[in-house]
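Here's the structure we're looking at; comments come further down.
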Amino acid sequence: MGCLFWGPVGTGKSYVAGCIANNLLKREVTVKMTNFNTIIDDIFPLADKTEYINALASYQLLIIDDLGVERNSEYALGIIFSVIDRRIRSGRPLIITTNLPLKEIKSETMLDKRRIYDRILEMCTPMYVGGTSKREVIASMKMEKAKTLLNTNREEECE
């Protein structure tokens, strides 16, 4: 069984997946966390793409971060399909994070993407990760700290 963590940007989907990975790594479970842009870049120059895809399938857990941000070329979609399909055939779990709305995933009309998404939904239970963007909150806190520091420095210069 796998998980599909979906929801708005910055809500902690990748963080949750990373926590799962770290916990399993402490137990000596083999985990690979990557994204499709990295996979596509890594695989492009290789003569034997199947060996690379099989290596991804060999991890006890594979985590694919940010599904949907990769290129939509025929080549990229072919690689994505191969990775997902091979992972399903391995019988090992998969975690995917995405900002794509579940409704969009379920109603995709492009055949290549529909084939990918159908396999993902077969293997992964969708789990919504909502809330406000953690990055916005962190950025706001940093801004307040910077304002405080700048105001403090100005007062010291004036004396």
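Residue names in the structure tokens use chain letters A, B, ... in the order shown, residue numbers from 1 in each chain, and ligand numbers from 1 in the order shown.
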
*Find the residues near Glu136 of chain A: any atom within 12 Å, counting only C-alpha atoms, skip ones fewer than 6 places away on the same chain, and give them as a list in words.*
Val9, Gly10, Thr11, Gly12, Lys142 and Met143 of chain A

*Just the residues within 12 Å of Asn37 of chain A, please, counting only C-alpha atoms, with nothing from its chain fewer than 4 positions along; format it as a PyMOL selection string.*
chain A and resi 41-44+64-73+75-77+79-80

Would you export the selected residues with N, CA and C atoms as a tab-separated table (two decimals), in the first residue's frame, please?
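Output file out.tsv is given in full below:
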chain	number	residue	atom	x	y	z
A	41	ASP	N	16.41	13.67	-15.52
A	41	ASP	CA	17.77	14.17	-15.77
A	41	ASP	C	18.81	13.06	-15.60
A	42	ASP	N	18.64	12.22	-14.57
A	42	ASP	CA	19.59	11.13	-14.32
A	42	ASP	C	19.54	10.08	-15.41
A	43	ILE	N	18.36	9.79	-15.89
A	43	ILE	CA	18.17	8.67	-16.82
A	43	ILE	C	18.51	9.04	-18.28
A	44	PHE	N	18.40	10.32	-18.60
A	44	PHE	CA	18.55	10.77	-20.00
A	44	PHE	C	19.84	10.27	-20.65
A	64	ILE	N	8.22	9.81	-4.28
A	64	ILE	CA	8.30	10.75	-5.40
A	64	ILE	C	7.66	12.05	-4.94
A	65	ASP	N	8.46	13.10	-4.90
A	65	ASP	CA	8.02	14.40	-4.41
A	65	ASP	C	7.57	15.28	-5.58
A	66	ASP	N	6.51	16.03	-5.37
A	66	ASP	CA	6.04	17.05	-6.31
A	66	ASP	C	5.63	16.52	-7.69
A	67	LEU	N	4.84	15.47	-7.71
A	67	LEU	CA	4.27	15.00	-8.97
A	67	LEU	C	3.50	16.14	-9.61
A	68	GLY	N	3.71	16.34	-10.90
A	68	GLY	CA	2.97	17.37	-11.63
A	68	GLY	C	3.82	18.58	-12.00
A	69	VAL	N	5.03	18.69	-11.46
A	69	VAL	CA	5.88	19.83	-11.83
A	69	VAL	C	6.84	19.48	-12.95
A	70	GLU	N	6.89	18.20	-13.31
A	70	GLU	CA	7.83	17.75	-14.34
A	70	GLU	C	7.36	18.18	-15.74
A	71	ARG	N	8.27	18.06	-16.66
A	71	ARG	CA	7.96	18.39	-18.05
A	71	ARG	C	6.89	17.43	-18.59
A	72	ASN	N	6.08	17.91	-19.51
A	72	ASN	CA	5.00	17.09	-20.07
A	72	ASN	C	5.34	16.54	-21.45
A	73	SER	N	6.61	16.41	-21.75
A	73	SER	CA	6.98	15.88	-23.06
A	73	SER	C	6.62	14.39	-23.13
A	75	TYR	N	8.57	12.05	-24.00
A	75	TYR	CA	9.69	11.32	-23.40
A	75	TYR	C	9.55	11.27	-21.88
A	76	ALA	N	9.30	12.42	-21.26
A	76	ALA	CA	9.19	12.50	-19.80
A	76	ALA	C	8.02	11.65	-19.30
A	77	LEU	N	6.89	11.74	-19.96
A	77	LEU	CA	5.72	10.96	-19.54
A	77	LEU	C	5.97	9.46	-19.70
A	79	ILE	N	8.92	7.97	-19.31
A	79	ILE	CA	9.78	7.60	-18.18
A	79	ILE	C	8.94	7.50	-16.90
A	80	ILE	N	8.07	8.49	-16.68
A	80	ILE	CA	7.22	8.49	-15.48
A	80	ILE	C	6.35	7.24	-15.45

_as a PyMOL selection string, please: the residues near Ser14 of chain A (cut-off 12 Å, only C-alpha atoms, same-chain neighbours under 4 positions excluded)._
chain A and resi 4-10+18-21+33-35+63-67+95-99+129+134

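Interatomic distance, atom CA of Ser133 of chain A against atom CA of Val31 of chain A: 26.5 Å.
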
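Nearest residue to Asp112 of chain A among A:Leu100, A:Leu94, A:Arg89, A:Gly78 is A:Gly78, counting only C-alpha atoms.
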
*Which is closest to Ser58 of chain A among A:Leu46, A:Cys124, A:Met141, A:Ile88, if we use only C-alpha atoms?*
A:Ile88

*Tell me which protein, DNA and RNA residues are within 12 Å of Ile84 of chain A, counting only C-alpha atoms, leaving out same-chain ones fewer than 6 positions away, and put them as a ChimeraX atom specification.*
/A:2,36,39,53-54,56-57,62-64,67,77-78,90-96,113,115-124
